[in-house]
Structure formats: C-alpha cells, structure tokens
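Novice: Contents of coords_13.cif (mmCIF, C-alpha atoms) are given next:
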```cif
data_upload
loop_
_atom_site.label_atom_id
_atom_site.label_comp_id
_atom_site.auth_asym_id
_atom_site.auth_seq_id
_atom_site.Cartn_x
_atom_site.Cartn_y
_atom_site.Cartn_z
CA VAL A 1 0.00 0.00 0.00
CA THR A 2 1.31 3.43 -0.93
CA HIS A 3 -0.05 6.88 -1.78
CA THR A 4 0.28 9.74 -4.21
CA GLY A 5 -1.59 13.03 -4.00
CA ARG A 6 -5.10 12.36 -2.67
CA LEU A 7 -5.07 8.67 -3.66
CA ALA A 8 -4.11 5.63 -1.60
CA ILE A 9 -2.97 2.79 -3.85
CA VAL A 10 -3.27 -0.92 -3.12
CA MET A 11 -0.79 -2.89 -5.23
CA ASN A 12 -1.16 -6.53 -6.22
CA LYS A 13 1.51 -8.25 -4.13
CA GLU A 14 1.49 -11.21 -6.52
CA GLY A 15 2.61 -8.94 -9.36
CA GLY A 16 0.93 -8.25 -12.67
CA GLY A 17 0.38 -4.55 -12.08
CA PHE A 18 -3.15 -4.81 -10.70
CA GLN A 19 -4.04 -1.79 -8.54
CA LYS A 20 -6.97 -0.51 -6.52
CA PHE A 21 -7.50 3.06 -5.35
CA MET A 22 -9.01 4.60 -2.22
CA SER A 23 -10.11 8.13 -3.10
CA GLN A 24 -11.95 9.46 -0.03
CA HIS A 25 -9.40 12.14 0.89
CA THR A 26 -10.00 15.73 -0.19
CA SER A 27 -6.37 16.85 0.30
CA ASP A 28 -2.98 15.25 -0.28
CA ILE A 29 -2.19 12.24 1.91
CA ILE A 30 0.94 12.75 4.02
CA ALA A 31 0.76 9.85 6.51
CA ILE A 32 -0.03 6.15 6.28
CA THR A 33 0.13 3.14 8.60
CA ILE A 34 -0.97 -0.46 8.18
CA ASN A 35 -2.56 -2.91 10.60
CA THR A 36 -1.67 -6.14 8.79
CA GLU A 37 -3.50 -8.48 11.16
CA LYS A 38 -6.82 -6.74 10.59
CA ASN A 39 -6.33 -5.83 6.89
CA LEU A 40 -6.74 -2.18 7.83
CA VAL A 41 -4.98 0.97 6.68
CA ALA A 42 -5.08 4.42 8.23
CA THR A 43 -4.28 7.47 6.10
CA ALA A 44 -4.21 11.18 6.95
CA ASP A 45 -4.00 14.32 4.87
CA ILE A 46 -2.80 17.89 4.95
CA GLY A 47 -5.30 20.73 5.27
CA LYS A 48 -6.91 23.25 7.59
CA ILE A 49 -8.85 20.47 9.34
CA PRO A 50 -7.19 17.21 8.29
CA ARG A 51 -9.04 13.92 7.96
CA ILE A 52 -7.87 10.54 9.27
CA ILE A 53 -9.53 7.63 7.48
CA ILE A 54 -9.32 4.01 8.60
CA TRP A 55 -10.28 1.71 5.74
CA ASP A 56 -10.36 -1.93 4.68
CA VAL A 57 -7.50 -2.80 2.31
CA VAL A 58 -9.58 -5.49 0.56
CA THR A 59 -12.94 -3.75 0.09
CA LEU A 60 -11.64 -0.13 0.21
CA GLN A 61 -14.60 0.69 2.48
CA THR A 62 -14.21 3.37 5.15
CA ILE A 63 -14.37 1.88 8.65
CA SER A 64 -13.88 5.06 10.66
CA LEU A 65 -13.41 8.79 9.98
CA LEU A 66 -11.60 10.94 12.54
CA LYS A 67 -11.38 14.73 12.30
CA GLY A 68 -11.79 17.92 14.27
CA HIS A 69 -8.86 17.93 16.70
CA HIS A 70 -5.80 18.47 14.50
CA ARG A 71 -4.98 21.49 12.36
CA ARG A 72 -2.85 21.96 9.19
CA GLY A 73 -2.16 18.27 8.74
CA VAL A 74 -1.38 14.92 10.36
CA ASN A 75 2.07 13.71 9.35
CA VAL A 76 2.48 10.67 11.65
CA LEU A 77 0.13 7.74 12.23
CA HIS A 78 0.69 4.46 14.06
CA PHE A 79 -1.49 1.62 15.34
CA SER A 80 -0.80 0.23 18.80
CA ARG A 81 0.63 -3.26 19.01
CA ASP A 82 -2.82 -4.78 19.65
CA GLY A 83 -4.36 -2.68 16.86
CA GLU A 84 -7.01 -1.22 19.14
CA GLN A 85 -5.58 2.30 19.37
CA LEU A 86 -4.38 4.75 16.74
CA LEU A 87 -1.83 7.50 17.38
CA ALA A 88 -1.78 10.68 15.30
CA ALA A 89 0.72 13.56 15.40
CA GLY A 90 -0.07 16.91 13.82
CA LEU A 91 1.53 19.93 12.18
CA ASP A 92 0.06 22.63 14.42
CA ASP A 93 2.40 24.93 16.38
CA PHE A 94 2.59 22.52 19.32
CA HIS A 95 2.69 19.33 17.20
CA SER A 96 -0.25 17.85 19.07
CA ILE A 97 -0.43 14.10 19.66
CA SER A 98 -3.77 12.34 19.95
CA ILE A 99 -4.72 8.74 20.67
CA TYR A 100 -8.00 7.30 19.44
CA ASN A 101 -10.16 4.31 20.10
CA TRP A 102 -10.71 4.29 16.35
CA LYS A 103 -13.51 1.70 16.36
CA PHE A 104 -15.77 4.11 18.24
CA GLY A 105 -14.23 7.33 16.89
CA ILE A 106 -13.32 8.46 20.41
CA MET A 107 -10.18 10.43 21.27
CA THR A 108 -8.95 8.97 24.57
CA SER A 109 -5.89 11.19 25.07
CA CYS A 110 -4.28 14.31 23.66
CA PHE A 111 -1.23 16.35 24.62
CA PRO A 112 1.36 18.67 23.01
CA GLY A 113 4.44 17.11 21.47
CA GLY A 114 6.45 20.34 21.63
CA LEU A 115 7.74 23.02 19.33
CA GLN A 116 9.90 20.76 17.15
CA LYS A 117 8.42 18.74 14.29
CA ILE A 118 7.68 15.09 15.03
CA LEU A 119 8.98 12.58 12.46
CA ALA A 120 8.02 9.34 14.23
CA ALA A 121 5.83 8.39 17.19
CA GLN A 122 4.54 5.13 18.59
CA ILE A 123 2.44 3.84 21.45
CA THR A 124 4.49 1.74 23.87
CA PRO A 125 3.83 -2.03 23.90
CA ASN A 126 1.90 -1.82 27.18
CA GLY A 127 -0.44 0.79 25.69
CA TYR A 128 0.12 3.37 28.44
CA GLY A 129 2.87 5.50 26.94
CA VAL A 130 4.12 7.21 23.81
CA ILE A 131 7.61 7.71 22.44
CA GLN A 132 8.13 10.49 19.93
CA ALA A 133 11.19 11.37 17.85
CA GLY A 134 11.91 14.21 15.47
CA ILE A 135 13.93 17.33 14.80
CA LYS A 136 16.63 17.48 17.49
CA HIS A 137 14.60 15.63 20.11
CA ILE A 138 13.28 12.44 21.61
CA LYS A 139 10.51 12.42 24.24
CA PHE A 140 8.74 9.88 26.39
CA HIS A 141 5.16 10.37 27.55
CA CYS A 142 3.46 8.39 30.33
CA ILE A 143 -0.34 8.48 30.12
CA GLN A 144 -2.03 8.46 33.53
CA GLY A 145 -5.77 8.65 33.03
CA ARG A 146 -6.49 12.11 31.66
CA ASN A 147 -3.02 13.35 32.56
CA THR A 148 0.23 12.91 30.67
CA VAL A 149 3.74 13.18 32.11
CA SER A 150 6.25 14.15 29.41
CA GLN A 151 10.03 13.84 29.74
CA ASN A 152 12.99 14.17 27.42
CA GLY A 153 15.13 11.16 26.64
CA LEU A 154 18.34 10.88 28.66
CA LEU A 155 21.23 10.57 26.21
CA GLY A 156 24.10 10.92 28.68
CA LYS A 157 27.64 10.64 27.32
CA LYS A 158 26.73 7.82 24.95
CA GLY A 159 24.47 9.86 22.68
CA LYS A 160 24.22 13.09 20.76
CA ASN A 161 21.21 15.36 20.57
CA GLN A 162 20.34 15.15 16.89
CA THR A 163 17.41 14.52 14.59
CA MET A 164 15.76 11.14 15.25
CA LEU A 165 13.92 9.73 12.25
CA CYS A 166 12.28 6.38 13.03
CA ILE A 167 11.35 3.96 15.81
CA ALA A 168 11.07 0.16 16.19
CA TRP A 169 11.02 -2.23 19.13
CA VAL A 170 13.19 -5.10 20.36
CA GLY A 171 10.90 -6.65 22.93
CA ASN A 172 9.86 -3.71 25.10
CA ARG A 173 12.93 -1.62 24.31
CA PRO A 174 12.65 1.16 21.73
CA VAL A 175 15.29 1.34 18.99
CA VAL A 176 15.61 4.73 17.30
CA GLY A 177 17.27 5.58 13.98
CA THR A 178 19.38 8.74 13.95
CA GLU A 179 20.65 11.18 11.36
CA ASN A 180 24.29 10.17 11.94
CA GLY A 181 23.59 6.53 11.06
CA LYS A 182 23.44 4.98 14.53
CA LEU A 183 20.76 2.95 16.27
CA TYR A 184 19.96 4.22 19.77
CA VAL A 185 18.58 1.65 22.21
CA PHE A 186 16.68 2.87 25.28
CA GLU A 187 15.75 1.32 28.61
CA GLY A 188 12.87 3.42 29.85
CA ARG A 189 13.94 6.87 28.71
CA ARG A 190 17.66 6.28 29.24
CA LEU A 191 20.00 5.55 26.32
CA ILE A 192 21.84 2.30 27.08
CA GLN A 193 23.43 1.34 23.75
CA THR A 194 24.47 2.84 20.42
CA VAL A 195 25.09 0.72 17.34
CA PRO A 196 26.77 2.03 14.15
CA ALA A 197 24.32 0.98 11.43
CA HIS A 198 24.57 3.06 8.25
CA THR A 199 26.75 5.61 6.50
CA GLY A 200 24.38 8.54 6.57
CA SER A 201 21.00 8.67 8.24
CA VAL A 202 18.85 5.71 9.30
CA ASN A 203 15.66 6.49 7.39
CA ALA A 204 13.48 3.47 8.22
CA LEU A 205 13.12 0.84 10.93
CA ASN A 206 10.70 -2.06 11.19
CA PHE A 207 10.26 -4.89 13.67
CA CYS A 208 10.20 -8.44 12.31
CA SER A 209 10.28 -11.97 13.76
CA GLU A 210 14.08 -12.13 13.44
CA GLY A 211 14.72 -8.74 15.04
CA VAL A 212 14.82 -5.34 13.32
CA VAL A 213 15.22 -4.24 9.69
CA SER A 214 16.85 -0.89 8.96
CA GLY A 215 17.06 1.16 5.77
CA GLY A 216 19.66 3.88 5.33
CA LYS A 217 20.54 6.83 3.15
CA ASP A 218 23.54 4.76 2.04
CA GLY A 219 21.21 2.50 0.04
CA PHE A 220 21.55 -0.54 2.29
CA VAL A 221 18.79 -2.59 3.92
CA LYS A 222 20.08 -4.50 6.94
CA LEU A 223 18.63 -7.24 9.14
CA TRP A 224 19.65 -7.21 12.81
CA ASN A 225 18.93 -9.90 15.39
CA THR A 226 17.42 -9.07 18.79
CA SER A 227 20.93 -8.39 20.16
CA LEU A 228 21.42 -5.90 17.30
CA GLU A 229 24.08 -7.97 15.61
CA ILE A 230 24.08 -7.69 11.82
CA LYS A 231 22.77 -10.81 10.05
CA ILE A 232 22.11 -9.73 6.46
CA GLU A 233 22.78 -6.60 4.43
CA ILE A 234 21.56 -5.88 0.91
CA LYS A 235 22.52 -3.00 -1.36
CA VAL A 236 19.32 -1.80 -3.05
CA SER A 237 20.41 1.51 -4.57
#
```
Is it possible to express this structure as structure tokens?
Specialist:
Amino acid sequence: VTHTGRLAIVMNKEGGGFQKFMSQHTSDIIAITINTEKNLVATADIGKIPRIIIWDVVTLQTISLLKGHHRRGVNVLHFSRDGEQLLAAGLDDFHSISIYNWKFGIMTSCFPGGLQKILAAQITPNGYGVIQAGIKHIKFHCIQGRNTVSQNGLLGKKGKNQTMLCIAWVGNRPVVGTENGKLYVFEGRRLIQTVPAHTGSVNALNFCSEGVVSGGKDGFVKLWNTSLEIKIEIKVS
C-alpha cells in the first residue's frame, strides 16, 4: 500500500500490475500506517482540518473517519501493538499528539508534542505510553488517566542530541534511527546502547520476527537480530 496526491494505492503483491484506489481524501495524503492483522490501513492528509480515514484494504470501504482535533495536517500515524488504538501527530504549532479508540471514533488522550516537528511516534507495547522522535529531540510520555507526564530522553555521554527519524522495538525496548547513522537503544527513557548501522541517516526501521530491519541513506537494507548484531545486508540503490 502506498499513496500519491489524494489517492491511496493498493498494489497486487502477486505482481501483474493490478491496482486498486481509495479516493476518499480531499487533500494530499501525508501519513499512512498499516494494521496487517486486521487488513486495515489508516491514512491522513494535509489541510486546515485534516481527515484521518481508517479503511479496509480489501474492500476499500471506510471503517472510521476521525477529524476535528488536529490542524494543518497529520504527518504521523501508528497503530498500537494490539491494533485497538491509533496515534496521530499533527503539524500545528505545538505538534499535538492524539490517541484514538478508532472503532468508536473516540479520542482517549491528547497532549502537546512540543515546538519541534515530530517525524516518528509510537504507542508503547503496554499501551500506556508514547515515544516520539523528530527534529533534534526524543521524548517519552506516560499516560495516567487524563493526565500525561512528558520527559525528554536521557542521552548521557553515549548519545548526541540530533534529529531522530524512526522507531522500532526489540521486545519492550525502543530502537531509534538517527541522522548520523546509529541505532539508539533505550531502557525506559535512558539511552543504554548505540550501534553504528549506516553511513548517513537511518531512514526506516521495522520490527520483524528475526529482530529489526533498517534502511539507510547509504542505500543498504540490513537485518539485525534481537541483540542488534548484523545478520544480512543488501545494497538496493
């Protein structure tokens, strides 16, 4: 599944060029996330009052429409690990973060992300926290009922305050891709390990059964085991 302009495109994974299009957005799509277990996709657009649409990847039917809270656009979306919650991060001055029970269209939590643009954000595996990463920052939010406690990540002497681009998980530990090509591993909000991964920025991270897959500006895709030891690397560009 990908997108261009106002269209979301479902490709035929078996090949042959067959495509289907979801065309319910009225402005350009700038965020997408996939819930593979439920055959669901969430997409969000740019605009004065952006729309978040959750839809069925097979039938293309809209399951839920969320709008009204965010302004200017929603540039980050992510389903929780159990698929029951949806996180959205916006482009307003305070880069607001919201969490929805998307099945019922209810916003269960909202709080400011800060003045710096968010590039990645995810709900923690236990469902009671959020980690956000972006321009020159990483933050950890603990959701306590209607209240949220927000704290900066502790980089110590191991790390460098820089732009953080992507997030994945090894068990319950977040792994963050950085602009200088390293993987940062956190315990709670404290940086405990750095791993040289790519020449240039780490642009993509994804959890898989073997560990974590990373994609870098250097054109390499790399597979890491759960101890963050390199297993496979492939040059793709």
Novice: Using 6 Å of padding on each side, determine the axis-aligned box around all atoms of stretch 183-188 of chain A present in the file and give its centre and edge lengths in Å to one decimal, as AutoDock Vina command-line options.
Specialist:
```
--center_x 16.8 --center_y 2.8 --center_z 23.1 --size_x 19.9 --size_y 14.9 --size_z 25.6
```
Novice: Counting all atoms listed in the file, which of A:Gly90, A:Gly73, A:Gly211, A:Gly83 gets nearest to A:Lys103?
Specialist: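 Among the listed residues, the smallest separation from A:Lys103 belongs to A:Gly83.
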Novice: Please enumerate the residues selected by the PyMOL selection byres ((chain A and resi 170) around 8) when evaluated against the supplied file, formatted as a list of chain:residue names.
Specialist: A:Ala168, A:Trp169, A:Gly171, A:Asn172, A:Arg173, A:Pro174, A:Val175, A:Phe207, A:Gly211, A:Val212, A:Thr226
Novice: Using the chain letters and numbers from the file, give me the residues hit by the PyMOL selection byres ((chain A and resi 160-163) around 9), as a PyMOL selection string.
Specialist: chain A and resi 119+133-138+155-159+164-165+177-180
Novice: If you measure from atom CA of A:Pro50 to atom CA of A:Leu7, what distance in Å do you get, rounded to one decimal?
Specialist: 14.8 Å
Novice: Of the residues A:Leu154, A:Cys110, A:Val57, A:Ile118, which is the one nearest to A:Glu187, using only C-alpha atoms?
Specialist: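 When distances to A:Glu187 are compared using only C-alpha atoms, the smallest one comes from A:Leu154.
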Novice: Report the residues retrieved by the PyMOL selection byres ((chain A and resi 22) around 6) from the displayed file, expressed as a list in words.
Specialist: Leu7, Ala8, Phe21, Ser23 and Leu60 of chain A
Novice: Show me, as a PyMOL selection string, the residues that have an atom within 12 Å of A:Lys13 when counting all atoms listed in the file, minus same-chain residues fewer than 6 positions from it.
Specialist: chain A and resi 1+19-20
Novice: Export C-alpha atoms of the chosen residues as a short mmCIF file (atom, residue, chain, number, x, y, z; two decimals), in the frame of the given file?
Specialist:
```cif
data_model
loop_
_atom_site.label_atom_id
_atom_site.label_comp_id
_atom_site.auth_asym_id
_atom_site.auth_seq_id
_atom_site.Cartn_x
_atom_site.Cartn_y
_atom_site.Cartn_z
CA VAL A 1 0.00 0.00 0.00
CA GLN A 19 -4.04 -1.79 -8.54
CA LYS A 20 -6.97 -0.51 -6.52
#
```
Novice: Which one is closest to A:Ile30: A:Val76, A:Ala120, A:Val176, A:Ile97? Count only C-alpha atoms.
Specialist: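 Nearest to A:Ile30: A:Val76.
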Novice: Rank nothing, just name the residue among A:Asn203, A:Thr2, A:Gln193, A:Ser27 nearest to A:Arg72, using only C-alpha atoms.
Specialist: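 The closest residue to A:Arg72 is A:Ser27.
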Novice: Write out as a list in words which residues come within 7 Å of A:Ala204 when counting only C-alpha atoms, dropping same-chain ones fewer than 3 positions away.
Specialist: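 In the requested form, the answer reads Cys166, Ser214, Gly215 and Gly216 of chain A.
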Novice: From the structure just shown, export stretch 127-139 of chain A with all heavy atoms as an mmCIF file, in the first residue's frame.
Specialist:
```
data_model
loop_
_atom_site.group_PDB
_atom_site.id
_atom_site.type_symbol
_atom_site.label_atom_id
_atom_site.label_comp_id
_atom_site.auth_asym_id
_atom_site.auth_seq_id
_atom_site.Cartn_x
_atom_site.Cartn_y
_atom_site.Cartn_z
ATOM 1 N N GLY A 127 0.714 -0.036 26.006
ATOM 2 C CA GLY A 127 -0.441 0.786 25.686
ATOM 3 C C GLY A 127 -0.628 2.006 26.555
ATOM 4 O O GLY A 127 -1.589 2.768 26.373
ATOM 5 N N TYR A 128 0.301 2.267 27.490
ATOM 6 C CA TYR A 128 0.124 3.369 28.435
ATOM 7 C C TYR A 128 1.174 4.468 28.284
ATOM 8 O O TYR A 128 1.333 5.308 29.169
ATOM 9 C CB TYR A 128 0.159 2.849 29.866
ATOM 10 C CG TYR A 128 -1.008 1.948 30.187
ATOM 11 C CD1 TYR A 128 -0.842 0.566 30.225
ATOM 12 C CD2 TYR A 128 -2.275 2.476 30.430
ATOM 13 C CE1 TYR A 128 -1.911 -0.270 30.505
ATOM 14 C CE2 TYR A 128 -3.350 1.650 30.709
ATOM 15 C CZ TYR A 128 -3.161 0.271 30.750
ATOM 16 O OH TYR A 128 -4.212 -0.556 31.012
ATOM 17 N N GLY A 129 1.861 4.484 27.160
ATOM 18 C CA GLY A 129 2.870 5.500 26.945
ATOM 19 C C GLY A 129 3.063 5.774 25.473
ATOM 20 O O GLY A 129 2.554 5.054 24.611
ATOM 21 N N VAL A 130 3.803 6.838 25.189
ATOM 22 C CA VAL A 130 4.123 7.214 23.810
ATOM 23 C C VAL A 130 5.588 7.624 23.763
ATOM 24 O O VAL A 130 6.084 8.302 24.675
ATOM 25 C CB VAL A 130 3.235 8.391 23.328
ATOM 26 C CG1 VAL A 130 3.766 8.978 22.021
ATOM 27 C CG2 VAL A 130 1.793 7.933 23.153
ATOM 28 N N ILE A 131 6.276 7.208 22.727
ATOM 29 C CA ILE A 131 7.614 7.715 22.444
ATOM 30 C C ILE A 131 7.535 8.491 21.142
ATOM 31 O O ILE A 131 6.918 8.041 20.181
ATOM 32 C CB ILE A 131 8.651 6.560 22.369
ATOM 33 C CG1 ILE A 131 10.024 7.109 21.961
ATOM 34 C CG2 ILE A 131 8.205 5.473 21.441
ATOM 35 C CD1 ILE A 131 11.129 6.069 22.012
ATOM 36 N N GLN A 132 8.110 9.670 21.143
ATOM 37 C CA GLN A 132 8.127 10.491 19.934
ATOM 38 C C GLN A 132 9.561 10.875 19.606
ATOM 39 O O GLN A 132 10.402 11.056 20.494
ATOM 40 C CB GLN A 132 7.283 11.758 20.093
ATOM 41 C CG GLN A 132 7.936 12.832 20.948
ATOM 42 C CD GLN A 132 7.181 14.137 20.971
ATOM 43 O OE1 GLN A 132 6.093 14.215 21.540
ATOM 44 N NE2 GLN A 132 7.776 15.182 20.388
ATOM 45 N N ALA A 133 9.862 10.999 18.311
ATOM 46 C CA ALA A 133 11.191 11.374 17.850
ATOM 47 C C ALA A 133 11.028 12.343 16.696
ATOM 48 O O ALA A 133 10.046 12.299 15.959
ATOM 49 C CB ALA A 133 11.981 10.141 17.411
ATOM 50 N N GLY A 134 12.014 13.241 16.549
ATOM 51 C CA GLY A 134 11.905 14.206 15.467
ATOM 52 C C GLY A 134 13.098 15.116 15.400
ATOM 53 O O GLY A 134 14.227 14.730 15.720
ATOM 54 N N ILE A 135 12.856 16.356 14.986
ATOM 55 C CA ILE A 135 13.926 17.328 14.800
ATOM 56 C C ILE A 135 14.577 17.636 16.148
ATOM 57 O O ILE A 135 13.954 18.212 17.033
ATOM 58 C CB ILE A 135 13.392 18.624 14.157
ATOM 59 C CG1 ILE A 135 12.652 18.318 12.840
ATOM 60 C CG2 ILE A 135 14.539 19.614 13.938
ATOM 61 C CD1 ILE A 135 13.510 17.675 11.779
ATOM 62 N N LYS A 136 15.811 17.177 16.309
ATOM 63 C CA LYS A 136 16.634 17.478 17.489
ATOM 64 C C LYS A 136 15.962 17.099 18.806
ATOM 65 O O LYS A 136 16.144 17.794 19.819
ATOM 66 C CB LYS A 136 17.001 18.971 17.527
ATOM 67 C CG LYS A 136 17.725 19.491 16.297
ATOM 68 C CD LYS A 136 19.126 18.949 16.181
ATOM 69 C CE LYS A 136 19.871 19.595 15.024
ATOM 70 N NZ LYS A 136 21.232 19.051 14.849
ATOM 71 N N HIS A 137 15.205 16.007 18.840
ATOM 72 C CA HIS A 137 14.603 15.629 20.113
ATOM 73 C C HIS A 137 14.136 14.188 20.122
ATOM 74 O O HIS A 137 13.895 13.578 19.084
ATOM 75 C CB HIS A 137 13.414 16.548 20.446
ATOM 76 C CG HIS A 137 12.151 16.199 19.712
ATOM 77 N ND1 HIS A 137 11.868 16.666 18.456
ATOM 78 C CD2 HIS A 137 11.090 15.415 20.058
ATOM 79 C CE1 HIS A 137 10.685 16.199 18.060
ATOM 80 N NE2 HIS A 137 10.197 15.439 19.029
ATOM 81 N N ILE A 138 14.009 13.679 21.348
ATOM 82 C CA ILE A 138 13.275 12.441 21.613
ATOM 83 C C ILE A 138 12.589 12.610 22.967
ATOM 84 O O ILE A 138 13.191 13.112 23.925
ATOM 85 C CB ILE A 138 14.186 11.197 21.582
ATOM 86 C CG1 ILE A 138 13.341 9.925 21.789
ATOM 87 C CG2 ILE A 138 15.314 11.285 22.610
ATOM 88 C CD1 ILE A 138 14.071 8.655 21.412
ATOM 89 N N LYS A 139 11.301 12.246 23.022
ATOM 90 C CA LYS A 139 10.515 12.425 24.240
ATOM 91 C C LYS A 139 9.761 11.155 24.581
ATOM 92 O O LYS A 139 9.390 10.368 23.696
ATOM 93 C CB LYS A 139 9.503 13.569 24.074
ATOM 94 C CG LYS A 139 10.092 14.961 24.134
ATOM 95 C CD LYS A 139 8.978 16.009 24.109
ATOM 96 C CE LYS A 139 9.529 17.408 24.239
ATOM 97 N NZ LYS A 139 8.449 18.418 24.244
#
```
